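Visitor: Mind having a look at this structure? Questions to follow.
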Amino acid sequence: MPNFVIEHSGSLTEQIDAETIMDKVFAGAKNSGHFPPEAIKIRVEPRPQFRLHHVSKDFLHVSAHILSGRTDEQKIEISNAVLEQLKTLDLSSVFVSVEIVDIHRASFVDFTY
């Protein structure tokens, strides 16, 4: 279970492809030591329209949706592990951010076919 949602400006794909970004997020999630690789899920959501305070920059934002219960220190480890991988990308003029989103454990349900 963690679900990593990668949002990015649509124009970012002029610099890098989505597969490479997903590979970096996966590596960071795995390197954090908090998730078994087979549990990591990643999806990409390009945003064709966006605004960053009159600045001409692309953006790349990763939301890690994880089941609640981890400490702040563990969440920081996950965020930093993903960010360290993203810092290795050869990008220019991109705002990069990572956040952890707690999923309410008691109400989370899932199903696999």
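Chain identifiers are assigned as A, B, and so on, following the order in which chains appear in the structure tokens; residues are numbered from 1 within each chain, and ligands are numbered from 1 in order of appearance.
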Which parts of chain A does DSSP call alpha helix (DSSP H) when run on the backbone here, written out as a PDB file with N, CA and C atoms, in the first residue's frame?

Guide:
```pdb
ATOM      1  N   ALA A  18       7.764  10.618 -18.219  1.00  0.00           N
ATOM      2  CA  ALA A  18       7.080  10.184 -16.996  1.00  0.00           C
ATOM      3  C   ALA A  18       7.680   8.898 -16.431  1.00  0.00           C
ATOM      4  N   GLU A  19       8.138   7.998 -17.281  1.00  0.00           N
ATOM      5  CA  GLU A  19       8.732   6.741 -16.804  1.00  0.00           C
ATOM      6  C   GLU A  19       9.951   7.002 -15.925  1.00  0.00           C
ATOM      7  N   THR A  20      10.768   7.946 -16.327  1.00  0.00           N
ATOM      8  CA  THR A  20      11.972   8.280 -15.548  1.00  0.00           C
ATOM      9  C   THR A  20      11.589   8.858 -14.194  1.00  0.00           C
ATOM     10  N   ILE A  21      10.589   9.709 -14.176  1.00  0.00           N
ATOM     11  CA  ILE A  21      10.126  10.282 -12.906  1.00  0.00           C
ATOM     12  C   ILE A  21       9.588   9.171 -12.001  1.00  0.00           C
ATOM     13  N   MET A  22       8.781   8.274 -12.565  1.00  0.00           N
ATOM     14  CA  MET A  22       8.243   7.169 -11.766  1.00  0.00           C
ATOM     15  C   MET A  22       9.357   6.281 -11.230  1.00  0.00           C
ATOM     16  N   ASP A  23      10.386   6.042 -12.043  1.00  0.00           N
ATOM     17  CA  ASP A  23      11.520   5.235 -11.586  1.00  0.00           C
ATOM     18  C   ASP A  23      12.198   5.875 -10.379  1.00  0.00           C
ATOM     19  N   LYS A  24      12.362   7.188 -10.405  1.00  0.00           N
ATOM     20  CA  LYS A  24      13.011   7.891  -9.294  1.00  0.00           C
ATOM     21  C   LYS A  24      12.142   7.853  -8.036  1.00  0.00           C
ATOM     22  N   VAL A  25      10.845   8.055  -8.185  1.00  0.00           N
ATOM     23  CA  VAL A  25       9.947   8.007  -7.031  1.00  0.00           C
ATOM     24  C   VAL A  25       9.940   6.602  -6.444  1.00  0.00           C
ATOM     25  N   PHE A  26       9.896   5.582  -7.302  1.00  0.00           N
ATOM     26  CA  PHE A  26       9.936   4.208  -6.826  1.00  0.00           C
ATOM     27  C   PHE A  26      11.227   3.941  -6.054  1.00  0.00           C
ATOM     28  N   ALA A  27      12.360   4.375  -6.608  1.00  0.00           N
ATOM     29  CA  ALA A  27      13.650   4.158  -5.940  1.00  0.00           C
ATOM     30  C   ALA A  27      13.669   4.837  -4.575  1.00  0.00           C
ATOM     31  N   GLY A  28      13.150   6.058  -4.496  1.00  0.00           N
ATOM     32  CA  GLY A  28      13.109   6.755  -3.216  1.00  0.00           C
ATOM     33  C   GLY A  28      12.224   6.061  -2.208  1.00  0.00           C
ATOM     34  N   ALA A  29      11.051   5.610  -2.650  1.00  0.00           N
ATOM     35  CA  ALA A  29      10.139   4.902  -1.755  1.00  0.00           C
ATOM     36  C   ALA A  29      10.778   3.616  -1.248  1.00  0.00           C
ATOM     37  N   LYS A  30      11.421   2.891  -2.142  1.00  0.00           N
ATOM     38  CA  LYS A  30      12.075   1.637  -1.764  1.00  0.00           C
ATOM     39  C   LYS A  30      13.258   1.912  -0.830  1.00  0.00           C
ATOM     40  N   ASN A  31      14.061   2.909  -1.174  1.00  0.00           N
ATOM     41  CA  ASN A  31      15.247   3.237  -0.372  1.00  0.00           C
ATOM     42  C   ASN A  31      14.904   3.756   1.020  1.00  0.00           C
ATOM     43  N   ASP A  72       6.289  11.266  12.851  1.00  0.00           N
ATOM     44  CA  ASP A  72       6.768  12.374  12.020  1.00  0.00           C
ATOM     45  C   ASP A  72       8.160  12.077  11.479  1.00  0.00           C
ATOM     46  N   GLU A  73       9.000  11.469  12.294  1.00  0.00           N
ATOM     47  CA  GLU A  73      10.363  11.145  11.859  1.00  0.00           C
ATOM     48  C   GLU A  73      10.345  10.164  10.688  1.00  0.00           C
ATOM     49  N   GLN A  74       9.478   9.168  10.746  1.00  0.00           N
ATOM     50  CA  GLN A  74       9.366   8.206   9.646  1.00  0.00           C
ATOM     51  C   GLN A  74       8.854   8.881   8.380  1.00  0.00           C
ATOM     52  N   LYS A  75       7.909   9.777   8.532  1.00  0.00           N
ATOM     53  CA  LYS A  75       7.377  10.507   7.376  1.00  0.00           C
ATOM     54  C   LYS A  75       8.456  11.382   6.744  1.00  0.00           C
ATOM     55  N   ILE A  76       9.268  12.007   7.573  1.00  0.00           N
ATOM     56  CA  ILE A  76      10.378  12.825   7.069  1.00  0.00           C
ATOM     57  C   ILE A  76      11.368  11.952   6.310  1.00  0.00           C
ATOM     58  N   GLU A  77      11.656  10.761   6.822  1.00  0.00           N
ATOM     59  CA  GLU A  77      12.563   9.836   6.134  1.00  0.00           C
ATOM     60  C   GLU A  77      12.031   9.481   4.746  1.00  0.00           C
ATOM     61  N   ILE A  78      10.736   9.228   4.652  1.00  0.00           N
ATOM     62  CA  ILE A  78      10.124   8.880   3.362  1.00  0.00           C
ATOM     63  C   ILE A  78      10.208  10.062   2.404  1.00  0.00           C
ATOM     64  N   SER A  79       9.803  11.242   2.870  1.00  0.00           N
ATOM     65  CA  SER A  79       9.851  12.436   2.018  1.00  0.00           C
ATOM     66  C   SER A  79      11.261  12.706   1.521  1.00  0.00           C
ATOM     67  N   ASN A  80      12.215  12.664   2.433  1.00  0.00           N
ATOM     68  CA  ASN A  80      13.594  12.958   2.052  1.00  0.00           C
ATOM     69  C   ASN A  80      14.168  11.912   1.095  1.00  0.00           C
ATOM     70  N   ALA A  81      13.816  10.642   1.289  1.00  0.00           N
ATOM     71  CA  ALA A  81      14.319   9.592   0.391  1.00  0.00           C
ATOM     72  C   ALA A  81      13.809   9.814  -1.031  1.00  0.00           C
ATOM     73  N   VAL A  82      12.547  10.201  -1.162  1.00  0.00           N
ATOM     74  CA  VAL A  82      11.986  10.473  -2.491  1.00  0.00           C
ATOM     75  C   VAL A  82      12.611  11.738  -3.075  1.00  0.00           C
ATOM     76  N   LEU A  83      12.716  12.792  -2.264  1.00  0.00           N
ATOM     77  CA  LEU A  83      13.288  14.048  -2.755  1.00  0.00           C
ATOM     78  C   LEU A  83      14.739  13.863  -3.203  1.00  0.00           C
ATOM     79  N   GLU A  84      15.514  13.089  -2.466  1.00  0.00           N
ATOM     80  CA  GLU A  84      16.913  12.861  -2.854  1.00  0.00           C
ATOM     81  C   GLU A  84      17.005  12.233  -4.238  1.00  0.00           C
ATOM     82  N   GLN A  85      16.104  11.309  -4.540  1.00  0.00           N
ATOM     83  CA  GLN A  85      16.091  10.702  -5.875  1.00  0.00           C
ATOM     84  C   GLN A  85      15.694  11.724  -6.940  1.00  0.00           C
ATOM     85  N   LEU A  86      14.697  12.552  -6.638  1.00  0.00           N
ATOM     86  CA  LEU A  86      14.249  13.555  -7.605  1.00  0.00           C
ATOM     87  C   LEU A  86      15.335  14.595  -7.877  1.00  0.00           C
TER      88      LEU A  86
END
```

Visitor: Determine, counting only C-alpha atoms, which protein, DNA and RNA residues have an atom within 12 Å of an atom of Ser11 in chain A; residues of the same chain fewer than 2 positions away are not included. Present the result as a list in words.

Guide: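 Selected residues are Glu7, His8, Ser9, Thr13, Glu14, Gln15, Ile16, Asp17, Ala18, Pro46, Arg47, Pro48, Gln49, Phe50, Ser56, Lys57, Asp58, Phe59, Leu60, Ser93 and Val94 of chain A.
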
Visitor: Which residue is closest to Leu52 in chain A? Choose from A:Glu38, A:Phe95, A:His65, A:Tyr113 and count only C-alpha atoms.

Guide: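 Looking at the shortest contact to Leu52 in chain A, the residue is A:Phe95.
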
Visitor: With only C-alpha atoms as the basis for distance, which of A:Ile6, A:Leu67, A:Val62, A:Met1 is at the shortest distance from Glu99 in chain A?

Guide: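 When distances to Glu99 in chain A are compared using only C-alpha atoms, the smallest one comes from A:Val62.
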
Visitor: If I take CA of Val5 in chain A and CA of Ala64 in chain A, how far is one from the other in Å, to one decimal?

Guide: 6.4 Å

Visitor: Skipping near chain neighbours, those fewer than 6 positions away, what residues fall within 10 Å of Gly69 in chain A using only C-alpha atoms, listed as a VMD selection string?

Guide: chain A and resid 75 102 to 105

Visitor: Can you work out the spacing between CA of Phe111 in chain A and CA of Pro2 in chain A in Å, to one decimal?

Guide: 14.4 Å

Visitor: Run DSSP on the backbone of this structure and report the residues of range 11-112 of chain A it assigns to strand (DSSP E), as an mmCIF file with all heavy atoms, in the first residue's frame.

Guide:
```cif
data_model
loop_
_atom_site.group_PDB
_atom_site.id
_atom_site.type_symbol
_atom_site.label_atom_id
_atom_site.label_comp_id
_atom_site.auth_asym_id
_atom_site.auth_seq_id
_atom_site.Cartn_x
_atom_site.Cartn_y
_atom_site.Cartn_z
ATOM 1 N N LYS A 41 2.827 1.634 -5.129
ATOM 2 C CA LYS A 41 2.007 1.952 -6.305
ATOM 3 C C LYS A 41 2.271 3.404 -6.699
ATOM 4 O O LYS A 41 2.344 4.280 -5.838
ATOM 5 C CB LYS A 41 0.530 1.758 -5.997
ATOM 6 C CG LYS A 41 0.179 0.336 -5.604
ATOM 7 C CD LYS A 41 -1.245 0.278 -5.077
ATOM 8 C CE LYS A 41 -1.561 -1.076 -4.498
ATOM 9 N NZ LYS A 41 -0.941 -1.295 -3.187
ATOM 10 N N ILE A 42 2.399 3.629 -7.995
ATOM 11 C CA ILE A 42 2.728 4.968 -8.487
ATOM 12 C C ILE A 42 1.808 5.318 -9.651
ATOM 13 O O ILE A 42 1.563 4.484 -10.516
ATOM 14 C CB ILE A 42 4.200 5.038 -8.947
ATOM 15 C CG1 ILE A 42 5.130 4.708 -7.780
ATOM 16 C CG2 ILE A 42 4.517 6.406 -9.531
ATOM 17 C CD1 ILE A 42 6.581 4.592 -8.167
ATOM 18 N N ARG A 43 1.336 6.552 -9.654
ATOM 19 C CA ARG A 43 0.592 7.038 -10.810
ATOM 20 C C ARG A 43 0.992 8.484 -11.098
ATOM 21 O O ARG A 43 1.443 9.204 -10.208
ATOM 22 C CB ARG A 43 -0.910 6.884 -10.634
ATOM 23 C CG ARG A 43 -1.524 7.649 -9.506
ATOM 24 C CD ARG A 43 -3.032 7.339 -9.430
ATOM 25 N NE ARG A 43 -3.653 8.028 -8.343
ATOM 26 C CZ ARG A 43 -3.774 7.550 -7.105
ATOM 27 N NH1 ARG A 43 -3.267 6.369 -6.804
ATOM 28 N NH2 ARG A 43 -4.375 8.248 -6.167
ATOM 29 N N VAL A 44 0.812 8.862 -12.337
ATOM 30 C CA VAL A 44 1.222 10.192 -12.789
ATOM 31 C C VAL A 44 0.000 10.962 -13.264
ATOM 32 O O VAL A 44 -0.849 10.412 -13.967
ATOM 33 C CB VAL A 44 2.242 10.084 -13.942
ATOM 34 C CG1 VAL A 44 2.633 11.454 -14.455
ATOM 35 C CG2 VAL A 44 3.462 9.306 -13.502
ATOM 36 N N GLU A 45 -0.066 12.210 -12.856
ATOM 37 C CA GLU A 45 -1.170 13.075 -13.246
ATOM 38 C C GLU A 45 -0.614 14.396 -13.784
ATOM 39 O O GLU A 45 -0.350 15.319 -13.017
ATOM 40 C CB GLU A 45 -2.095 13.327 -12.053
ATOM 41 C CG GLU A 45 -2.744 12.066 -11.526
ATOM 42 C CD GLU A 45 -3.635 12.301 -10.310
ATOM 43 O OE1 GLU A 45 -3.748 13.446 -9.835
ATOM 44 O OE2 GLU A 45 -4.217 11.317 -9.837
ATOM 45 N N PRO A 46 -0.417 14.489 -15.108
ATOM 46 C CA PRO A 46 0.053 15.753 -15.672
ATOM 47 C C PRO A 46 -1.040 16.822 -15.580
ATOM 48 O O PRO A 46 -2.226 16.514 -15.701
ATOM 49 C CB PRO A 46 0.370 15.411 -17.124
ATOM 50 C CG PRO A 46 -0.268 14.108 -17.404
ATOM 51 C CD PRO A 46 -0.585 13.450 -16.102
ATOM 52 N N ARG A 47 -0.635 18.027 -15.338
ATOM 53 C CA ARG A 47 -1.565 19.154 -15.228
ATOM 54 C C ARG A 47 -1.264 20.145 -16.357
ATOM 55 O O ARG A 47 -0.264 20.849 -16.326
ATOM 56 C CB ARG A 47 -1.418 19.860 -13.879
ATOM 57 C CG ARG A 47 -1.606 18.952 -12.685
ATOM 58 C CD ARG A 47 -3.016 18.456 -12.607
ATOM 59 N NE ARG A 47 -3.198 17.674 -11.378
ATOM 60 C CZ ARG A 47 -4.254 16.948 -11.149
ATOM 61 N NH1 ARG A 47 -5.224 16.889 -12.033
ATOM 62 N NH2 ARG A 47 -4.354 16.265 -10.027
ATOM 63 N N ASP A 58 8.306 25.058 -14.311
ATOM 64 C CA ASP A 58 7.480 23.860 -14.250
ATOM 65 C C ASP A 58 7.385 23.433 -12.791
ATOM 66 O O ASP A 58 8.079 23.964 -11.933
ATOM 67 C CB ASP A 58 8.115 22.737 -15.073
ATOM 68 C CG ASP A 58 7.901 22.917 -16.564
ATOM 69 O OD1 ASP A 58 6.739 23.135 -16.966
ATOM 70 O OD2 ASP A 58 8.880 22.829 -17.317
ATOM 71 N N PHE A 59 6.529 22.452 -12.518
ATOM 72 C CA PHE A 59 6.467 21.915 -11.170
ATOM 73 C C PHE A 59 6.387 20.402 -11.213
ATOM 74 O O PHE A 59 5.952 19.801 -12.194
ATOM 75 C CB PHE A 59 5.286 22.492 -10.369
ATOM 76 C CG PHE A 59 3.959 21.879 -10.700
ATOM 77 C CD1 PHE A 59 3.489 20.770 -10.006
ATOM 78 C CD2 PHE A 59 3.169 22.403 -11.709
ATOM 79 C CE1 PHE A 59 2.261 20.199 -10.316
ATOM 80 C CE2 PHE A 59 1.939 21.839 -12.019
ATOM 81 C CZ PHE A 59 1.489 20.736 -11.327
ATOM 82 N N LEU A 60 6.834 19.801 -10.117
ATOM 83 C CA LEU A 60 6.790 18.358 -9.911
ATOM 84 C C LEU A 60 6.470 18.154 -8.434
ATOM 85 O O LEU A 60 7.245 18.568 -7.566
ATOM 86 C CB LEU A 60 8.140 17.741 -10.269
ATOM 87 C CG LEU A 60 8.384 16.272 -9.947
ATOM 88 C CD1 LEU A 60 7.361 15.389 -10.630
ATOM 89 C CD2 LEU A 60 9.783 15.886 -10.372
ATOM 90 N N HIS A 61 5.305 17.587 -8.153
ATOM 91 C CA HIS A 61 4.869 17.401 -6.767
ATOM 92 C C HIS A 61 4.491 15.948 -6.547
ATOM 93 O O HIS A 61 3.709 15.380 -7.319
ATOM 94 C CB HIS A 61 3.681 18.302 -6.435
ATOM 95 C CG HIS A 61 3.172 18.104 -5.048
ATOM 96 N ND1 HIS A 61 3.838 18.575 -3.937
ATOM 97 C CD2 HIS A 61 2.073 17.464 -4.580
ATOM 98 C CE1 HIS A 61 3.163 18.245 -2.844
ATOM 99 N NE2 HIS A 61 2.084 17.557 -3.216
ATOM 100 N N VAL A 62 5.023 15.347 -5.494
ATOM 101 C CA VAL A 62 4.725 13.957 -5.160
ATOM 102 C C VAL A 62 3.972 13.922 -3.836
ATOM 103 O O VAL A 62 4.437 14.463 -2.836
ATOM 104 C CB VAL A 62 6.014 13.121 -5.044
ATOM 105 C CG1 VAL A 62 5.682 11.683 -4.647
ATOM 106 C CG2 VAL A 62 6.800 13.164 -6.343
ATOM 107 N N SER A 63 2.800 13.295 -3.858
ATOM 108 C CA SER A 63 2.025 13.049 -2.644
ATOM 109 C C SER A 63 2.112 11.562 -2.342
ATOM 110 O O SER A 63 1.715 10.743 -3.175
ATOM 111 C CB SER A 63 0.555 13.435 -2.831
ATOM 112 O OG SER A 63 0.426 14.801 -3.112
ATOM 113 N N ALA A 64 2.629 11.233 -1.186
ATOM 114 C CA ALA A 64 2.721 9.837 -0.763
ATOM 115 C C ALA A 64 1.568 9.556 0.183
ATOM 116 O O ALA A 64 1.555 10.023 1.316
ATOM 117 C CB ALA A 64 4.049 9.577 -0.082
ATOM 118 N N HIS A 65 0.589 8.828 -0.293
ATOM 119 C CA HIS A 65 -0.576 8.466 0.519
ATOM 120 C C HIS A 65 -0.250 7.150 1.223
ATOM 121 O O HIS A 65 -0.115 6.113 0.583
ATOM 122 C CB HIS A 65 -1.808 8.312 -0.365
ATOM 123 C CG HIS A 65 -2.174 9.571 -1.079
ATOM 124 N ND1 HIS A 65 -3.177 10.400 -0.639
ATOM 125 C CD2 HIS A 65 -1.651 10.156 -2.180
ATOM 126 C CE1 HIS A 65 -3.265 11.439 -1.449
ATOM 127 N NE2 HIS A 65 -2.352 11.315 -2.391
ATOM 128 N N ILE A 66 -0.130 7.241 2.551
ATOM 129 C CA ILE A 66 0.262 6.067 3.344
ATOM 130 C C ILE A 66 -0.739 5.875 4.478
ATOM 131 O O ILE A 66 -1.371 6.832 4.925
ATOM 132 C CB ILE A 66 1.689 6.211 3.898
ATOM 133 C CG1 ILE A 66 1.795 7.379 4.878
ATOM 134 C CG2 ILE A 66 2.702 6.374 2.764
ATOM 135 C CD1 ILE A 66 3.130 7.492 5.594
ATOM 136 N N LEU A 67 -0.860 4.631 4.934
ATOM 137 C CA LEU A 67 -1.752 4.368 6.064
ATOM 138 C C LEU A 67 -1.251 5.103 7.304
ATOM 139 O O LEU A 67 -0.046 5.148 7.570
ATOM 140 C CB LEU A 67 -1.846 2.869 6.334
ATOM 141 C CG LEU A 67 -2.629 2.065 5.306
ATOM 142 C CD1 LEU A 67 -2.523 0.575 5.608
ATOM 143 C CD2 LEU A 67 -4.086 2.506 5.254
ATOM 144 N N VAL A 94 12.484 24.064 -12.333
ATOM 145 C CA VAL A 94 11.361 23.242 -11.877
ATOM 146 C C VAL A 94 11.250 23.356 -10.360
ATOM 147 O O VAL A 94 12.239 23.201 -9.650
ATOM 148 C CB VAL A 94 11.557 21.751 -12.267
ATOM 149 C CG1 VAL A 94 10.385 20.914 -11.773
ATOM 150 C CG2 VAL A 94 11.734 21.605 -13.770
ATOM 151 N N PHE A 95 10.044 23.599 -9.868
ATOM 152 C CA PHE A 95 9.765 23.594 -8.436
ATOM 153 C C PHE A 95 9.393 22.166 -8.066
ATOM 154 O O PHE A 95 8.442 21.607 -8.620
ATOM 155 C CB PHE A 95 8.630 24.561 -8.104
ATOM 156 C CG PHE A 95 8.253 24.563 -6.657
ATOM 157 C CD1 PHE A 95 9.028 25.240 -5.729
ATOM 158 C CD2 PHE A 95 7.140 23.871 -6.210
ATOM 159 C CE1 PHE A 95 8.698 25.237 -4.383
ATOM 160 C CE2 PHE A 95 6.793 23.858 -4.869
ATOM 161 C CZ PHE A 95 7.577 24.545 -3.961
ATOM 162 N N VAL A 96 10.124 21.561 -7.131
ATOM 163 C CA VAL A 96 9.919 20.162 -6.747
ATOM 164 C C VAL A 96 9.503 20.099 -5.277
ATOM 165 O O VAL A 96 10.115 20.753 -4.430
ATOM 166 C CB VAL A 96 11.217 19.340 -6.963
ATOM 167 C CG1 VAL A 96 11.004 17.883 -6.564
ATOM 168 C CG2 VAL A 96 11.684 19.440 -8.410
ATOM 169 N N SER A 97 8.475 19.291 -4.988
ATOM 170 C CA SER A 97 8.029 19.142 -3.600
ATOM 171 C C SER A 97 7.504 17.723 -3.369
ATOM 172 O O SER A 97 7.101 17.034 -4.304
ATOM 173 C CB SER A 97 6.937 20.165 -3.263
ATOM 174 O OG SER A 97 5.856 20.071 -4.169
ATOM 175 N N VAL A 98 7.551 17.316 -2.090
ATOM 176 C CA VAL A 98 7.076 15.995 -1.677
ATOM 177 C C VAL A 98 6.287 16.176 -0.389
ATOM 178 O O VAL A 98 6.702 16.942 0.489
ATOM 179 C CB VAL A 98 8.248 15.011 -1.424
ATOM 180 C CG1 VAL A 98 7.734 13.648 -0.972
ATOM 181 C CG2 VAL A 98 9.138 14.884 -2.659
ATOM 182 N N GLU A 99 5.157 15.498 -0.277
ATOM 183 C CA GLU A 99 4.376 15.537 0.959
ATOM 184 C C GLU A 99 3.894 14.131 1.307
ATOM 185 O O GLU A 99 3.759 13.272 0.446
ATOM 186 C CB GLU A 99 3.163 16.468 0.837
ATOM 187 C CG GLU A 99 2.058 15.912 -0.028
ATOM 188 C CD GLU A 99 0.778 16.739 -0.006
ATOM 189 O OE1 GLU A 99 0.426 17.304 1.042
ATOM 190 O OE2 GLU A 99 0.128 16.788 -1.058
ATOM 191 N N ILE A 100 3.630 13.938 2.579
ATOM 192 C CA ILE A 100 3.053 12.691 3.062
ATOM 193 C C ILE A 100 1.604 12.965 3.455
ATOM 194 O O ILE A 100 1.320 13.925 4.169
ATOM 195 C CB ILE A 100 3.819 12.153 4.297
ATOM 196 C CG1 ILE A 100 5.300 11.953 3.981
ATOM 197 C CG2 ILE A 100 3.168 10.863 4.799
ATOM 198 C CD1 ILE A 100 5.609 10.943 2.912
ATOM 199 N N VAL A 101 0.705 12.122 2.983
ATOM 200 C CA VAL A 101 -0.716 12.250 3.287
ATOM 201 C C VAL A 101 -1.147 10.988 4.026
ATOM 202 O O VAL A 101 -1.001 9.882 3.508
ATOM 203 C CB VAL A 101 -1.548 12.419 1.992
ATOM 204 C CG1 VAL A 101 -3.028 12.533 2.316
ATOM 205 C CG2 VAL A 101 -1.055 13.608 1.181
ATOM 206 N N ASP A 102 -1.643 11.156 5.247
ATOM 207 C CA ASP A 102 -2.128 10.010 6.018
ATOM 208 C C ASP A 102 -3.485 9.554 5.499
ATOM 209 O O ASP A 102 -4.392 10.364 5.302
ATOM 210 C CB ASP A 102 -2.292 10.378 7.496
ATOM 211 C CG ASP A 102 -0.990 10.321 8.268
ATOM 212 O OD1 ASP A 102 -0.118 9.514 7.906
ATOM 213 O OD2 ASP A 102 -0.863 11.081 9.239
ATOM 214 N N ILE A 103 -3.610 8.255 5.303
ATOM 215 C CA ILE A 103 -4.892 7.647 4.969
ATOM 216 C C ILE A 103 -5.487 7.123 6.273
ATOM 217 O O ILE A 103 -4.815 6.419 7.023
ATOM 218 C CB ILE A 103 -4.712 6.483 3.982
ATOM 219 C CG1 ILE A 103 -4.142 6.998 2.656
ATOM 220 C CG2 ILE A 103 -6.025 5.755 3.767
ATOM 221 C CD1 ILE A 103 -3.777 5.886 1.686
#
```
